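Have a look at the structure below before the remarks.
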There are 2 protein chains.
Amino acid sequence: MYIIMVYDVGEKRVGRILKVGRQYLNWVQNSVLEGELTDAQFERLKSDVRKRFNKDEDCILFYVMRTDRYTQREILGQQKGDPLSTIL
Amino acid sequence: MYIIMVYDVGEKRVGRILKVGRQYLNWVQNSVLEGELTDAQFERLKSDVRKRFNKDEDCILFYVMRTDRYTQREILGQQKGDPLSTIL
């Protein structure tokens with residue numbers, strides 16, 4: 001499955017959540033990562049995030065697609081993340 | 001088409017870009033909006049963004065899907081945005 005992860009977390013936890021995300025996904029932009037994962041990897045990612053975030057203050061949003069075939073990415077301005085990737 | 005918009009812009013321009021985005025899309029989370037647009041509306045949104053952002057410093061990312069049928073949203077923690085919506 002193809003996952004887009006967007007996080008909005010307290011300043012203290014930004015580095016920690018980005019680090020977890022990068023273990024599974026490619027960094028695309030400030031607070032956005034994406035990549036292809038198996039079901040098991042996605043479950044592990046969510047479990048790792050749950051251990052490290054504050055559920056009362058933070059929000060982690062995942063868009064889950066069976067395939068990236070129906071999604072295109074358009075960027076205005078500066079691309080900041082890792083060189084990409086499968087969707088284009 | 002279904003659009004997810006994620007912006008990463010200088011602090012001075014955050015309010016301005018959010019305001020433009022909300023004219024077309026629903027706010028989902030800090031820096032994330034989404035919604036159904038026609039081709040013409042999407043072109044107008046991009047044109048409005050281009051007038052208001054700094055192309056050398058800011059980044060606006062759009063994920064463009066023909067339909068939201070193949071995408072699911074999962075949220076960990078606090079949902080902050082508008083009550084949603086079509087993907088679930």
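Naming scheme: A, B, ... for chains in displayed order of the structure tokens; residues 1 onward per chain; ligands 1 onward as shown.
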What are the closest atom pairs, with distances in Å to one decimal, for all residues of segment 1-54 of chain A lying within 8 Å of segment 75-80 of chain A? Consider only C-alpha atoms, order rows by chain and residue number, and present the result as a tab-separated table.
residue	atom	partner	partner_atom	distance
A:Val28	CA	A:Lys80	CA	6.7
A:Gln29	CA	A:Lys80	CA	5.5
A:Asn30	CA	A:Lys80	CA	7.6
Selected residues written out, C-alpha atoms, as a PDB file, in the first residue's frame:
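Contents of the output file part_29.pdb:
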ATOM      1  CA  VAL A  28       8.812  14.894   1.188  1.00  0.00           C
ATOM      2  CA  GLN A  29       8.313  18.218   2.903  1.00  0.00           C
ATOM      3  CA  ASN A  30       8.205  19.685   6.383  1.00  0.00           C
TER       4      ASN A  30
END
Residues of chain A within 6 Å of chain B, only C-alpha atoms counted, as a PyMOL selection string: chain A and resi 55+58-65+70-78
Separation of atom CA of Ile17 of chain A from atom CA of Val14 of chain B in Å: 22.4 Å
Backbone-only DSSP, helix (DSSP H, G or I) members of chain B, as a ChimeraX atom specification: /B:11-24,39-52
Those in chain A with strand (DSSP E or B) from DSSP, as a PyMOL selection string: chain A and resi 2-8+26-29+32-36+59-65+71-77
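For the choices A:Gly81, A:Arg52, A:Glu43, A:Met1, the atom-to-atom distance to Lys19 of chain A is smallest for A:Arg52 when using only C-alpha atoms.
Coordinates place atom CA of Leu45 of chain A at a distance of 8.4 Å from atom CA of Gln23 of chain A.
Taking atom CA of Asn26 of chain A and atom CA of Ser47 of chain B as endpoints, the distance between them is 28.2 Å.
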